[in-house]
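See below for the structure under consideration.
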Amino acid sequence: MSGDRRGSPPVTGGGNGVVEPEKKPAPVIVPSQRLRLHANKDHMPESYEDLQLDFCPSIFSSLEKYLPPNMLHDSREEKVKFMRDILLKYLPHGERTRAQKHREYRQKIISHYKPLKRELYTMHPVAFFVPSFMKAINDNTEDSLRSIISEPSPGVLTFEMLQPRFCELLVAEVENFEAWVNDTKFRIMRPNTMNKYGAVLDDFGLETMLDKLMDGFIRPISKVFFPDVGGATLDSHHGFVVEYGKDWDVDLGFHVDDSEVTLNVCLGKQFSGGELFFRGTRCDKHVNTGSQAEEIFDFSHIPGRAVLHLGRHRHGARATTSGHRINLLLWCRSSVFREMKKYQKDFSNWCGECSREKKERQRTSIAATKSELLRKDGESVA
């Protein structure tokens with residue numbers, strides 16, 4: 001068949017970071033005070049590291065390049081107020097209270113947990129990444145990145161990334177953290193509502209290292225391959241590990257992620273099964289539509305090999321039938337893209353169904369125009 005319109009089970013709601021339509025409309029910004037669609041490339045943003053803020057200081061520095069031109073030379077206080085108002089729309093009061101409690105929870109862990117592999121907590125690119133990946137990043141050209149990346153299915157990028165030693169160290173650190181949790185009877189938050197096992201790496205001290213992973217290594221790739229969904233403006237992340245097997249989660253239902261771009265890398269150990277299955281990228285409106293034949297793809301995990309895809313790329317994990325599988329995930333987000341998306345109506349540059357509908361409208365329009373021209377030509381001959 002040319003397209004499997006039954007190939008996509010309903011996307012699980014409220015699960016693995018599924019982005020659901022907002023129940024209340026967000027406050028409207030005065031049109032003249034909207035963020036710019038394109039960055040002010042010549043503007044050097046200020047540092048916000050010394051301020052006590054609700055959000056990561058790097059988010060403010062990233063957003064500043066998109067401020068209206070008349071605000072670029074305002075005081076930091078004025079710029080912070082404007083940007084904070086935008087960001088707070090994504091974090092209502094109840095969520096802010098939860099965020100504060102989460103900061104306190106995280107600080108409690110960090111103040112009591114003793115890391116096992118301290119070398120993980122600082123970015124060491126040569127020790128972490130395979131040489132081919134390092135060379136492509138250092139060369140910093142589109143050709144160098146494309147030379148190491150395969151795209152076996154539209155929007156699914158795969159490449160060798162992590163050194164075996166790094167995988168071993170991270171697995172050991174996670175197991176040490178879980179042992180500490182069991183010994184102290186400390187109740188931890190799991191990565192999301194769909195995974196009952198695994199741990200949030202940001203919660204026990206790895207946030208800074210993962211920020212550098214996103215900034216220096218994932219964003220350059222996303223800028224080239226995913227420019228239409230904020231790939232060049234990734235400014236925050238959610239980093240975690242998930243675990244699968246007989247004594248852990250077995251599989252994972254069909255879903256989309258709460259991210260613009262998702263990095264997924266298998267760390268080990270020995271296992272069978274657990275393939276990722278992909279079913280095409282969709283916007284909110286079309287998230288439960290069927291899949292075309294070319295969108296159906298299964299990926300078998302190999303330790304150290306990365307998969308990079310859009311958060312809106314529908315996917316799931318098949319059952320891990322034996323052994324123990326551990327994966328590192330990094331959900332990368334762009335506050336700029338999330339703000340701009342509110343003013344967009346056409347997502348055909350990344351939503352497979354929007355693109356199909358647009359092509360169908362164009363085909364119908366061309367056919368109608370052709371028919372009208374033939375009719376008029378026939379009348380003139382008559």
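Residues in the structure tokens are named by chain (A, B, ... in the order shown) and by number from 1 within that chain; ligands are numbered from 1 in the order shown.
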Using only C-alpha atoms, what does the table of region 108-217 of chain A residues within 12 Å of region 228-239 of chain A look like, with each row giving the shortest atom pair and its distance in Å to one decimal, sorted by chain and ascending number, as JSON lines?
{"residue": "A:Gly155", "atom": "CA", "partner": "A:Val229", "partner_atom": "CA", "distance": 11.9}
{"residue": "A:Arg190", "atom": "CA", "partner": "A:Gly239", "partner_atom": "CA", "distance": 11.4}
{"residue": "A:Pro191", "atom": "CA", "partner": "A:Gly239", "partner_atom": "CA", "distance": 8.3}
{"residue": "A:Asn192", "atom": "CA", "partner": "A:His238", "partner_atom": "CA", "distance": 10.2}
{"residue": "A:Gly198", "atom": "CA", "partner": "A:Gly239", "partner_atom": "CA", "distance": 11.0}
{"residue": "A:Ala199", "atom": "CA", "partner": "A:Gly239", "partner_atom": "CA", "distance": 8.9}
{"residue": "A:Val200", "atom": "CA", "partner": "A:Gly239", "partner_atom": "CA", "distance": 6.1}
{"residue": "A:Leu201", "atom": "CA", "partner": "A:Gly239", "partner_atom": "CA", "distance": 5.6}
{"residue": "A:Asp202", "atom": "CA", "partner": "A:Gly239", "partner_atom": "CA", "distance": 6.0}
{"residue": "A:Asp203", "atom": "CA", "partner": "A:Gly239", "partner_atom": "CA", "distance": 9.0}
{"residue": "A:Phe204", "atom": "CA", "partner": "A:Gly239", "partner_atom": "CA", "distance": 10.9}
{"residue": "A:Gly205", "atom": "CA", "partner": "A:Gly239", "partner_atom": "CA", "distance": 11.0}
{"residue": "A:Leu206", "atom": "CA", "partner": "A:Gly239", "partner_atom": "CA", "distance": 8.4}
{"residue": "A:Glu207", "atom": "CA", "partner": "A:Gly239", "partner_atom": "CA", "distance": 7.5}
{"residue": "A:Thr208", "atom": "CA", "partner": "A:His237", "partner_atom": "CA", "distance": 10.4}
{"residue": "A:Met209", "atom": "CA", "partner": "A:Gly239", "partner_atom": "CA", "distance": 10.2}
{"residue": "A:Leu210", "atom": "CA", "partner": "A:Gly239", "partner_atom": "CA", "distance": 7.0}
{"residue": "A:Asp211", "atom": "CA", "partner": "A:His237", "partner_atom": "CA", "distance": 7.1}
{"residue": "A:Lys212", "atom": "CA", "partner": "A:His237", "partner_atom": "CA", "distance": 10.5}
{"residue": "A:Leu213", "atom": "CA", "partner": "A:His237", "partner_atom": "CA", "distance": 10.0}
{"residue": "A:Met214", "atom": "CA", "partner": "A:His237", "partner_atom": "CA", "distance": 7.6}
{"residue": "A:Asp215", "atom": "CA", "partner": "A:Leu234", "partner_atom": "CA", "distance": 7.5}
{"residue": "A:Gly216", "atom": "CA", "partner": "A:Leu234", "partner_atom": "CA", "distance": 10.7}
{"residue": "A:Phe217", "atom": "CA", "partner": "A:Leu234", "partner_atom": "CA", "distance": 11.3}
Can you pull out the residues contacting Val126 (chain A)? Cut-off 12 Å, using only C-alpha atoms, and skip same-chain residues under 2 positions away; I want them as a VMD selection string.
chain A and resid 123 to 124 128 to 135 137 to 138 161 to 163 165 to 166
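Between Arg146 (chain A) and the residues A:Gly273, A:Glu357, A:Phe347, A:Thr158, the shortest atom-to-atom distance, using only C-alpha atoms, involves A:Thr158.
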Just the strand (DSSP E or B) stuff from region 41-259 of chain A, please, per backbone DSSP, written as a list of chain:residue names.
A:Phe129, A:Ser150, A:Glu151, A:Pro152, A:Ser153, A:Val156, A:Leu157, A:Thr158, A:Phe159, A:Glu160, A:Leu162, A:Ala199, A:Val200, A:Ser236, A:His237, A:His238, A:Gly239, A:Phe240, A:Val241, A:Val242, A:Glu243, A:Tyr244, A:Gly245, A:Asp249, A:Leu252, A:Gly253, A:Phe254, A:His255
Which one is closest to Gly290 (chain A): A:Arg187, A:Arg103, A:Arg314, A:Leu276? Count only C-alpha atoms.
A:Arg314
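The nearest approach to Gly304 (chain A) among the residues A:Lys341, A:Val261, A:Glu372, A:Phe159, with only C-alpha atoms taken into account, belongs to A:Phe159.
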